[in-house]
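Participant: Below you'll find data33.txt; it's compact mmCIF, C-alpha atoms and all ligand atoms.
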```txt
# COMPACT_ATOMS: atom_id res chain seq x y z
CA MET A 1 -31.06 75.15 43.29
CA GLY A 2 -27.78 73.33 43.27
CA ASP A 3 -27.93 70.53 45.78
CA PRO A 4 -30.06 67.77 44.29
CA ALA A 5 -31.64 67.34 47.74
CA CYS A 6 -33.19 70.75 47.20
CA SER A 7 -35.89 69.12 45.15
CA SER A 8 -37.31 67.48 48.25
CA ALA A 9 -40.38 69.13 49.68
CA GLU A 10 -38.75 69.63 53.07
CA THR A 11 -35.73 71.42 51.58
CA LEU A 12 -38.00 73.66 49.56
CA ARG A 13 -40.09 74.45 52.62
CA VAL A 14 -36.98 75.35 54.61
CA ALA A 15 -35.66 77.54 51.77
CA LEU A 16 -38.94 79.44 51.40
CA ILE A 17 -39.22 80.10 55.13
CA ASP A 18 -35.54 80.93 55.55
CA ALA A 19 -35.54 83.41 52.64
CA ARG A 20 -38.55 85.19 54.15
CA GLY A 21 -36.90 85.20 57.57
CA VAL A 22 -33.88 87.08 56.22
CA GLU A 23 -36.13 89.47 54.30
CA MET A 24 -38.00 90.35 57.48
CA GLU A 25 -34.81 90.71 59.53
CA LEU A 26 -33.51 93.15 56.94
CA LEU A 27 -36.64 95.26 57.28
CA GLU A 28 -36.59 95.25 61.07
CA GLY A 29 -35.87 98.51 62.79
CA LEU A 30 -36.77 100.64 59.76
CA ASP A 31 -39.27 103.38 60.58
CA GLU A 32 -42.09 104.40 58.24
CA ARG A 33 -39.98 107.03 56.50
CA GLN A 34 -37.10 104.61 55.99
CA MET A 35 -39.52 102.03 54.60
CA LEU A 36 -40.30 104.45 51.78
CA GLY A 37 -36.62 105.16 51.14
CA THR A 38 -35.36 107.90 48.87
CA LYS A 39 -36.41 108.43 45.32
CA ALA A 40 -33.42 107.44 43.24
CA HIS A 41 -32.72 105.36 40.21
CA PHE A 42 -32.07 101.70 41.00
CA LEU A 43 -33.12 102.03 44.62
CA GLU A 44 -36.36 100.34 45.51
CA PRO A 45 -38.48 101.53 48.42
CA PRO A 46 -38.06 98.86 51.14
CA ILE A 47 -41.86 98.67 51.49
CA TRP A 48 -41.97 97.76 47.79
CA GLU A 49 -39.37 95.03 48.35
CA MET A 50 -41.54 93.50 51.03
CA GLY A 51 -44.61 93.40 48.82
CA HIS A 52 -42.77 92.38 45.66
CA VAL A 53 -41.32 89.11 46.98
CA GLY A 54 -44.77 87.99 48.14
CA TRP A 55 -46.34 89.11 44.89
CA PHE A 56 -43.77 87.09 42.92
CA GLN A 57 -44.46 84.00 45.01
CA GLU A 58 -48.19 84.45 44.58
CA LEU A 59 -47.77 84.99 40.82
CA TRP A 60 -45.93 81.74 40.16
CA ILE A 61 -47.35 79.42 42.81
CA LEU A 62 -50.91 80.42 43.62
CA ARG A 63 -51.84 82.23 40.42
CA HIS A 64 -49.80 80.46 37.71
CA LEU A 65 -50.03 76.91 39.06
CA ASP A 66 -53.49 77.11 40.64
CA GLY A 67 -55.22 79.78 38.60
CA GLN A 68 -56.18 81.85 41.63
CA SER A 69 -56.51 85.61 41.56
CA SER A 70 -54.37 87.92 43.66
CA LEU A 71 -55.22 88.37 47.33
CA LEU A 72 -54.39 92.03 46.88
CA PRO A 73 -56.35 93.70 44.08
CA GLY A 74 -54.11 96.01 42.09
CA SER A 75 -50.94 94.18 43.13
CA ASP A 76 -49.70 93.84 39.54
CA ALA A 77 -49.71 97.59 39.06
CA MET A 78 -47.48 98.03 42.11
CA TYR A 79 -45.21 95.03 42.30
CA ASP A 80 -44.54 93.86 38.76
CA SER A 81 -40.92 94.94 38.49
CA PHE A 82 -40.73 94.50 34.74
CA ASN A 83 -43.86 96.38 33.82
CA VAL A 84 -43.75 99.11 36.46
CA SER A 85 -40.67 101.21 35.85
CA TYR A 86 -38.31 102.40 38.56
CA LYS A 87 -39.47 105.92 37.92
CA ARG A 88 -42.95 104.99 39.06
CA ARG A 89 -41.98 103.08 42.17
CA TRP A 90 -42.67 106.08 44.36
CA ASP A 91 -45.92 107.03 42.64
CA HIS A 92 -48.00 104.53 44.55
CA ARG A 93 -49.76 104.71 47.81
CA TYR A 94 -48.38 101.48 49.14
CA PRO A 95 -50.46 99.51 51.58
CA SER A 96 -49.24 100.04 55.14
CA ARG A 97 -46.44 97.95 56.53
CA ARG A 98 -48.99 95.92 58.49
CA VAL A 99 -51.20 95.25 55.46
CA THR A 100 -48.20 94.43 53.25
CA CYS A 101 -46.83 92.07 55.87
CA GLU A 102 -50.21 90.35 56.21
CA TYR A 103 -50.44 89.97 52.41
CA VAL A 104 -47.01 88.40 51.97
CA SER A 105 -47.34 86.27 55.11
CA GLU A 106 -50.63 84.83 53.93
CA ILE A 107 -49.09 83.97 50.57
CA LEU A 108 -46.19 82.22 52.26
CA ARG A 109 -48.62 80.35 54.54
CA ARG A 110 -50.62 79.13 51.55
CA THR A 111 -47.49 78.30 49.55
CA VAL A 112 -46.01 76.23 52.35
CA GLY A 113 -49.40 74.63 53.01
CA ARG A 114 -49.64 73.65 49.37
CA LEU A 115 -46.13 72.22 49.48
CA GLU A 116 -46.89 70.18 52.60
CA SER A 117 -50.12 68.82 51.17
CA ARG A 118 -48.54 66.80 48.38
CA GLU A 119 -45.17 65.88 46.92
CA PRO A 120 -44.39 68.52 44.29
CA THR A 121 -44.23 67.59 40.63
CA PRO A 122 -41.08 68.61 38.71
CA GLU A 123 -42.96 71.64 37.37
CA GLU A 124 -44.06 72.65 40.87
CA THR A 125 -40.54 72.11 42.21
CA TYR A 126 -39.27 74.49 39.58
CA PHE A 127 -41.60 77.27 40.69
CA TYR A 128 -41.09 76.73 44.42
CA THR A 129 -37.36 76.92 43.80
CA LEU A 130 -37.75 79.99 41.63
CA ALA A 131 -39.77 81.75 44.35
CA ALA A 132 -37.21 80.97 47.06
CA LEU A 133 -34.20 82.00 44.97
CA HIS A 134 -35.93 85.14 43.76
CA GLU A 135 -36.45 86.11 47.39
CA ASP A 136 -32.77 85.36 48.08
CA MET A 137 -31.83 87.79 45.32
CA HIS A 138 -34.04 90.42 46.89
CA THR A 139 -32.47 90.00 50.33
CA GLU A 140 -29.22 91.02 48.66
CA ASN A 141 -31.04 93.94 47.08
CA LEU A 142 -32.46 95.02 50.44
CA THR A 143 -28.99 94.89 51.95
CA LEU A 144 -27.58 97.16 49.29
CA ILE A 145 -30.53 99.52 49.72
CA ARG A 146 -29.67 99.76 53.45
CA GLN A 147 -26.02 100.35 52.56
CA THR A 148 -26.79 102.96 49.90
CA LEU A 149 -29.21 104.91 52.07
CA GLY A 150 -26.90 104.81 55.09
CA TYR A 151 -29.35 102.91 57.27
CA PRO A 152 -28.01 101.07 60.33
CA ARG A 153 -26.16 97.82 59.76
CA PRO A 154 -28.84 95.12 59.79
CA GLN A 155 -28.92 92.97 62.89
CA LEU A 156 -28.88 89.55 61.33
CA THR A 157 -29.03 86.46 63.45
CA ARG A 158 -26.80 84.64 61.00
CA VAL A 159 -23.83 87.00 61.27
CA GLY A 160 -21.05 85.02 62.93
CA PRO A 161 -18.55 86.19 65.54
CA ARG A 162 -16.20 88.35 63.52
CA ALA A 163 -13.37 88.04 66.02
CA THR A 164 -12.79 84.36 65.27
CA TRP A 165 -13.96 83.91 61.71
CA PRO A 166 -12.56 83.70 59.18
CA PRO A 167 -9.02 82.64 60.03
CA ILE A 168 -6.61 84.69 57.92
CA ASP A 169 -3.42 83.31 56.46
CA LEU A 170 -1.10 86.27 57.08
CA THR A 171 1.71 84.68 55.11
CA TYR A 172 -0.35 84.36 51.94
CA GLN A 173 0.98 86.38 49.03
CA PRO A 174 -1.48 87.14 46.25
CA HIS A 175 0.03 86.13 42.94
CA ASP A 176 -0.84 85.32 39.37
CA VAL A 177 -2.08 81.84 38.56
CA VAL A 178 -0.99 80.65 35.13
CA VAL A 179 -3.66 78.71 33.29
CA PRO A 180 -2.66 76.74 30.20
CA GLY A 181 -4.94 77.24 27.25
CA GLY A 182 -7.28 74.62 25.92
CA THR A 183 -10.88 73.70 25.35
CA PHE A 184 -13.06 74.32 28.39
CA LEU A 185 -16.74 74.06 29.12
CA LEU A 186 -18.64 77.26 29.77
CA GLY A 187 -22.08 76.96 31.34
CA ALA A 188 -24.07 74.60 33.52
CA ALA A 189 -24.08 70.81 33.24
CA ARG A 190 -27.35 69.19 32.24
CA GLU A 191 -27.43 67.24 35.50
CA GLU A 192 -28.02 70.45 37.45
CA PRO A 193 -31.40 70.21 39.16
CA PHE A 194 -32.15 73.92 38.80
CA VAL A 195 -30.40 76.51 36.72
CA PHE A 196 -31.53 79.78 35.25
CA ASP A 197 -31.95 79.97 31.51
CA ASN A 198 -28.87 82.11 31.00
CA GLU A 199 -26.57 79.28 32.24
CA LYS A 200 -27.85 76.70 29.76
CA TRP A 201 -25.90 74.80 28.72
CA ALA A 202 -22.26 73.83 29.05
CA HIS A 203 -20.57 74.29 25.71
CA ALA A 204 -16.98 74.06 24.53
CA VAL A 205 -14.98 77.26 24.28
CA GLU A 206 -11.36 77.76 23.28
CA VAL A 207 -9.35 79.64 25.86
CA ALA A 208 -5.83 80.92 25.18
CA PRO A 209 -3.26 80.67 28.01
CA PHE A 210 -3.74 83.38 30.62
CA ALA A 211 -2.54 84.45 34.05
CA ILE A 212 -5.19 85.54 36.56
CA ALA A 213 -4.81 87.11 39.99
CA SER A 214 -5.27 84.62 42.80
CA THR A 215 -7.32 87.19 44.75
CA PRO A 216 -9.66 90.07 43.97
CA VAL A 217 -8.21 93.59 43.80
CA THR A 218 -7.79 94.86 47.35
CA ASN A 219 -8.55 98.25 48.85
CA ALA A 220 -4.80 98.88 49.11
CA GLU A 221 -4.27 98.13 45.44
CA TYR A 222 -7.21 100.25 44.39
CA GLN A 223 -6.13 103.07 46.67
CA ALA A 224 -2.81 103.25 44.80
CA PHE A 225 -4.82 103.86 41.62
CA VAL A 226 -6.93 106.57 43.28
CA ASN A 227 -3.89 108.24 44.83
CA ASP A 228 -2.15 108.17 41.46
CA ASP A 229 -4.88 110.46 40.11
CA GLY A 230 -6.50 107.49 38.40
CA TYR A 231 -9.90 109.20 38.30
CA ARG A 232 -8.52 112.31 36.61
CA ARG A 233 -6.39 110.80 33.89
CA ARG A 234 -8.46 110.70 30.75
CA LYS A 235 -6.24 108.13 29.05
CA LEU A 236 -7.07 105.49 31.63
CA TRP A 237 -10.76 105.59 30.83
CA SER A 238 -12.75 104.39 27.87
CA HIS A 239 -14.91 106.95 26.09
CA ARG A 240 -18.08 105.77 27.83
CA GLY A 241 -16.29 105.37 31.13
CA TRP A 242 -15.00 108.94 31.04
CA ASP A 243 -18.46 110.22 30.15
CA TRP A 244 -19.83 108.42 33.18
CA ARG A 245 -17.04 109.67 35.45
CA ARG A 246 -17.53 113.27 34.40
CA ARG A 247 -21.29 113.11 34.65
CA GLU A 248 -21.09 111.67 38.15
CA GLY A 249 -18.09 113.69 39.25
CA ALA A 250 -16.65 110.41 40.54
CA GLU A 251 -13.27 110.72 42.23
CA HIS A 252 -13.17 107.46 44.20
CA PRO A 253 -15.34 104.42 44.98
CA LEU A 254 -18.89 105.27 45.94
CA PHE A 255 -18.64 104.86 49.70
CA TRP A 256 -15.04 105.96 50.27
CA VAL A 257 -14.58 108.97 52.50
CA ARG A 258 -11.40 111.00 52.71
CA ASP A 259 -9.83 110.82 56.14
CA GLY A 260 -6.95 113.29 56.15
CA ALA A 261 -4.24 111.80 53.98
CA SER A 262 -5.87 108.37 53.92
CA TRP A 263 -9.26 106.87 53.17
CA ALA A 264 -12.13 105.46 55.16
CA GLU A 265 -15.35 103.92 53.94
CA ARG A 266 -18.95 104.16 54.98
CA GLN A 267 -20.42 100.82 55.91
CA PHE A 268 -24.16 101.28 56.44
CA ASP A 269 -24.36 104.23 58.90
CA THR A 270 -20.78 104.05 60.16
CA VAL A 271 -17.52 105.33 58.71
CA VAL A 272 -14.65 102.93 59.35
CA PRO A 273 -11.00 102.90 58.28
CA LEU A 274 -10.43 101.26 54.92
CA ASP A 275 -9.07 97.78 55.49
CA PRO A 276 -6.17 97.36 53.04
CA TRP A 277 -6.64 93.61 52.72
CA HIS A 278 -10.35 93.62 52.03
CA PRO A 279 -11.42 93.60 48.39
CA VAL A 280 -12.43 96.89 46.87
CA VAL A 281 -16.22 96.86 46.67
CA HIS A 282 -18.96 99.05 45.18
CA VAL A 283 -17.04 99.85 42.02
CA ASN A 284 -18.67 99.74 38.62
CA TRP A 285 -17.49 98.18 35.39
CA TYR A 286 -15.99 101.46 34.15
CA GLU A 287 -13.95 101.86 37.34
CA ALA A 288 -12.74 98.27 37.01
CA GLU A 289 -11.81 98.92 33.39
CA ALA A 290 -9.86 102.09 34.26
CA TYR A 291 -8.04 100.39 37.11
CA CYS A 292 -7.01 97.59 34.78
CA ARG A 293 -5.63 100.03 32.23
CA TRP A 294 -3.67 101.81 34.96
CA ALA A 295 -2.31 98.48 36.25
CA GLY A 296 -1.42 97.24 32.76
CA ARG A 297 -3.90 94.42 33.10
CA ARG A 298 -7.42 93.54 31.98
CA LEU A 299 -10.63 91.96 33.23
CA PRO A 300 -11.01 88.21 32.73
CA THR A 301 -13.50 86.91 30.23
CA GLU A 302 -16.35 84.76 31.50
CA ALA A 303 -14.66 81.67 30.10
CA GLU A 304 -11.39 82.54 31.81
CA TRP A 305 -13.12 83.28 35.10
CA GLU A 306 -15.09 80.04 35.07
CA THR A 307 -12.04 78.00 34.11
CA ALA A 308 -9.94 79.57 36.88
CA ALA A 309 -12.77 79.02 39.36
CA ALA A 310 -13.80 75.47 38.65
CA PHE A 311 -11.59 73.57 36.20
CA ASP A 312 -9.57 70.76 37.72
CA PRO A 313 -6.52 69.91 35.58
CA ALA A 314 -6.06 66.65 37.48
CA THR A 315 -9.40 65.25 36.35
CA GLY A 316 -9.99 67.39 33.28
CA ARG A 317 -13.48 68.26 34.48
CA LYS A 318 -15.19 71.31 35.89
CA CYS A 319 -16.66 71.16 39.39
CA ARG A 320 -19.73 72.96 40.70
CA PHE A 321 -17.53 75.00 43.03
CA PRO A 322 -13.81 75.81 43.26
CA TRP A 323 -13.33 73.20 45.99
CA GLY A 324 -15.33 70.44 44.35
CA ASP A 325 -18.97 69.47 44.11
CA ASP A 326 -19.93 69.73 47.80
CA ALA A 327 -22.04 72.60 49.07
CA PRO A 328 -20.37 75.74 50.45
CA THR A 329 -19.30 75.79 54.09
CA ALA A 330 -17.95 78.52 56.38
CA GLU A 331 -14.41 77.28 55.74
CA ARG A 332 -14.76 77.55 51.98
CA ALA A 333 -16.64 80.73 51.17
CA SER A 334 -18.00 83.89 52.74
CA LEU A 335 -21.70 83.69 51.92
CA ASP A 336 -25.09 83.84 53.67
CA PHE A 337 -24.39 87.17 55.43
CA ARG A 338 -22.08 85.28 57.77
CA ALA A 339 -19.33 87.91 57.82
CA GLY A 340 -21.66 90.91 58.01
CA GLY A 341 -19.45 92.56 55.37
CA THR A 342 -16.40 91.84 53.25
CA ILE A 343 -13.50 89.78 54.56
CA ASP A 344 -9.73 89.67 54.03
CA VAL A 345 -8.83 88.30 50.60
CA ARG A 346 -6.24 86.00 52.19
CA ALA A 347 -8.85 84.07 54.17
CA LEU A 348 -10.50 80.72 53.45
CA PRO A 349 -7.74 78.67 51.79
CA ALA A 350 -10.02 75.62 51.92
CA GLY A 351 -12.07 77.29 49.19
CA ASP A 352 -9.18 77.57 46.72
CA SER A 353 -9.80 76.34 43.19
CA PRO A 354 -7.67 73.48 41.82
CA LEU A 355 -5.75 76.03 39.76
CA GLY A 356 -5.06 78.05 42.91
CA CYS A 357 -7.47 81.00 42.91
CA ARG A 358 -8.90 82.13 46.23
CA GLN A 359 -12.44 83.29 47.06
CA MET A 360 -13.86 82.89 43.59
CA ILE A 361 -17.12 82.17 45.36
CA GLY A 362 -18.35 84.66 47.97
CA ASN A 363 -17.03 87.90 49.50
CA VAL A 364 -17.52 90.19 46.46
CA TRP A 365 -19.09 89.77 43.05
CA GLU A 366 -16.48 90.04 40.32
CA TRP A 367 -17.01 91.98 37.11
CA VAL A 368 -15.81 90.20 34.01
CA ASP A 369 -15.14 91.65 30.59
CA ASP A 370 -18.11 90.13 28.81
CA THR A 371 -21.39 91.71 27.92
CA PHE A 372 -24.28 89.50 29.02
CA GLU A 373 -25.28 87.35 26.05
CA PRO A 374 -27.19 84.09 25.65
CA TYR A 375 -25.26 80.84 25.38
CA PRO A 376 -25.70 78.91 22.11
CA GLU A 377 -28.56 76.72 23.37
CA PHE A 378 -30.45 79.43 25.22
CA VAL A 379 -34.19 78.93 25.52
CA CYS A 380 -36.24 81.39 27.52
CA ASP A 381 -37.66 80.00 30.80
CA PRO A 382 -41.20 80.78 32.03
CA TYR A 383 -39.89 83.79 33.98
CA ARG A 384 -39.31 85.49 30.65
CA GLU A 385 -38.22 88.83 32.03
CA TYR A 386 -35.27 87.42 33.97
CA SER A 387 -32.51 87.24 31.34
CA GLN A 388 -33.69 87.93 27.84
CA PRO A 389 -34.44 91.67 28.08
CA TYR A 390 -30.90 92.33 29.27
CA PHE A 391 -28.85 90.47 26.69
CA GLY A 392 -26.49 92.85 24.97
CA GLN A 393 -27.20 95.50 27.60
CA LYS A 394 -25.47 94.54 30.81
CA LYS A 395 -22.09 93.29 31.98
CA VAL A 396 -21.61 89.98 33.76
CA LEU A 397 -20.49 89.47 37.35
CA ARG A 398 -19.47 86.14 38.79
CA GLY A 399 -19.02 84.33 42.09
CA GLY A 400 -21.50 85.84 44.55
CA CYS A 401 -20.74 88.03 47.56
CA TRP A 402 -21.06 87.94 51.34
CA THR A 403 -24.84 88.40 51.16
CA THR A 404 -25.39 85.73 48.50
CA ARG A 405 -27.08 82.57 49.69
CA SER A 406 -25.21 79.32 49.35
CA ARG A 407 -28.26 77.61 47.91
CA LEU A 408 -28.20 80.12 45.05
CA ILE A 409 -24.59 80.27 43.94
CA ARG A 410 -22.30 78.01 41.91
CA ALA A 411 -19.36 78.53 39.56
CA THR A 412 -21.58 78.81 36.49
CA TRP A 413 -23.92 81.43 37.98
CA ARG A 414 -24.19 84.63 35.93
CA ASN A 415 -25.19 87.89 37.53
CA PHE A 416 -25.60 90.97 35.35
CA TYR A 417 -25.88 94.71 35.86
CA MET A 418 -25.56 97.87 33.83
CA ARG A 419 -21.93 98.91 33.69
CA HIS A 420 -22.49 102.14 35.62
CA ARG A 421 -24.08 100.43 38.65
CA ARG A 422 -21.86 100.64 41.69
CA ASN A 423 -24.00 100.43 44.80
CA ILE A 424 -23.93 96.65 44.33
CA PHE A 425 -21.42 94.42 46.14
CA SER A 426 -19.07 94.39 43.18
CA GLY A 427 -15.31 94.07 42.95
CA PHE A 428 -13.13 92.37 40.35
CA ARG A 429 -9.92 90.49 39.76
CA THR A 430 -7.49 91.07 36.93
CA VAL A 431 -5.64 89.15 34.24
CA GLY A 432 -2.15 89.90 32.98
CA HIS A 433 -1.67 90.79 29.33
CA GLY A 434 0.08 88.41 27.02
CA GLY A 435 -0.96 85.14 28.63
CA SER A 436 1.80 85.08 31.20
FE FE B 501 -37.87 90.61 41.66
```
As a first step, turn the structure in this file into structure tokens.

Facilitator:
Amino acid sequence: MGDPACSSAETLRVALIDARGVEMELLEGLDERQMLGTKAHFLEPPIWEMGHVGWFQELWILRHLDGQSSLLPGSDAMYDSFNVSYKRRWDHRYPSRRVTCEYVSEILRRTVGRLESREPTPEETYFYTLAALHEDMHTENLTLIRQTLGYPRPQLTRVGPRATWPPIDLTYQPHDVVVPGGTFLLGAAREEPFVFDNEKWAHAVEVAPFAIASTPVTNAEYQAFVNDDGYRRRKLWSHRGWDWRRREGAEHPLFWVRDGASWAERQFDTVVPLDPWHPVVHVNWYEAEAYCRWAGRRLPTEAEWETAAAFDPATGRKCRFPWGDDAPTAERASLDFRAGGTIDVRALPAGDSPLGCRQMIGNVWEWVDDTFEPYPEFVCDPYREYSQPYFGQKKVLRGGCWTTRSRLIRATWRNFYMRHRRNIFSGFRTVGHGGS
């Protein structure tokens, strides 16, 4: 879980309770119909989300560690995300909101009680951490469900005053950062107290010189591509990308709305003008690929991204974050729902990487070129369905977004989605061709 202090029982207790608090805030205000959602691929019913996070906690803490049976008979058939396909998520008669809430609350009560009763062993710490971080991932999922279905913007107590934060450096000019080639380390250091299996372990990779954009692609930049008929020019798209575009009839990013001669975007249930300095978000890997071809650029590789984000040429070592090894703060990264949405790409200079890239952590996830593959020393963790089934299938995203929790993210974190997914909080940054 990043911070070594996270292994203390108190930090774990706080994380478990905090993750559940956000989950419940995100479900607040949804009526019974909204709790069921809309049947669509990759869109969970919110009532399922509520039950699933408790089920997962029960599975690993109370059932796996203690050998208990589920408090809710039949829970595996409903909430096991790996063995119950998306197509069947709407086939169940879910317990009522009240019953589901009681089920997951009782599991949290028992989990926290267990944690308070004795200092956790390393094995127990692993599973407490896993349960908290899994719930953090699902709060992001719930947020994108609300966005996709056009539900009201969630009223989150942690959203800061948008008028004063973040300070924006209006003089900042996005530019390319030139990175000399060399041998870099890709992956997590062995001192990390908790990492997922797909980050293990740091290994040497050769990286040729490259030049990467200091900021993610903005709405203004992407709009130039859209307005230049980018979605209709076959040559800009790969074969698979064009197939996707035609099948979907995609003409612009998922939530963009034409507003006369310009563009607006739907944020939750409200259409707002497109902010030119915010990063483009909710684009898939194919759209990123086509934009790059139009711009005469390309997506960074994972090794390039991680080097640009965390390598310090002054010390020759890689830090946990762009700004060093200390935990994220509001001055360094837009995380933890603080902004309530994306922010200006020129903001948060204190979070710059030593090489000079901005916002590599937070704001929007960034697609990279690589297909998700195991690192050389990969060994499957107990949560076997997390990474392994998706190797060779999905594309990698890096850096976290505005809904990502700071206790979850670090420079080596690998997220992964199918390349056609675009209701996620995904943007990208680009690399120039030719290493300059
Ligand atoms: Fe899950």

Participant: For ligand FE 501 (chain B), which residue among A:Met35, A:Leu16, A:Met50, A:Leu397 is the nearest when counting all atoms listed in the file?

Facilitator: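 The answer is A:Met50, which sits nearest to ligand FE 501 (chain B).
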
Participant: Using atom CA of A:Asp269 and atom CA of A:Thr157 as the two end points, give the distance in Å to one decimal.

Facilitator: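 Here the two named atoms are 18.9 Å from each other.
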
Participant: Which residue, A:Glu199, A:Asp381, A:Asp370, A:Glu44, has the smallest gap to A:Ile145 when you use all atoms listed in the file?

Facilitator: A:Glu44

Participant: Go through A:Ala213, A:Cys292, A:Ala330, A:Val195 and flag the residue nearest A:Ala309, using all atoms listed in the file for the distances.

Facilitator: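 Among the listed residues, the smallest separation from A:Ala309 belongs to A:Ala213.
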
Participant: Taking all atoms listed in the file into account, which residues are within 8 Å of ligand FE 501 (chain B), as a PyMOL selection string?

Facilitator: chain A and resi 52-53+56+80-81+134-135+137-138

Participant: As number ranges by chain, please: the residues near A:Cys401 (cut-off 10 Å, all atoms listed in the file, same-chain neighbours under 2 positions excluded).

Facilitator: A: 140, 281, 333-337, 341-342, 359-366, 398-399, 403-406, 409, 424-427

Participant: Looking at all atoms listed in the file, which of A:Trp60, A:Tyr386, A:Phe416, A:Phe321 is the one that sits closest to A:Thr371?

Facilitator: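 That would be A:Phe416, the residue with the smallest distance to A:Thr371.
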
Participant: Just checking: using all atoms listed in the file, which residue out of A:Asn415, A:Phe268, A:Thr148, A:Tyr231 ends up closest to A:Asp243?

Facilitator: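 The closest residue to A:Asp243 is A:Tyr231.
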
Participant: Emit as lines of an AutoDock Vina configuration file the padded axis-aligned box for all listed atoms of stretch 385-390 of chain A, 3 Å per side, with centre and edge lengths in Å to one decimal.

Facilitator:
```
center_x = -34.6
center_y = 89.8
center_z = 30.9
size_x = 13.3
size_y = 11.1
size_z = 12.1
```

Participant: Which is closest to A:Arg114 among A:Arg266, A:Arg298, A:Arg13, A:Arg190, if we use all atoms listed in the file?

Facilitator: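 Ranked by minimum distance to A:Arg114, first place goes to A:Arg13.
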
Participant: Near stretch 17-22 of chain A, within 8 Å and counting all atoms listed in the file, which residues show up once chain neighbours fewer than 4 positions away are dropped, as a list in words?

Facilitator: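 That gives Arg13, Leu26, Leu108, Ala132, Leu133, Glu135, Asp136, Thr139 and Leu156 of chain A.
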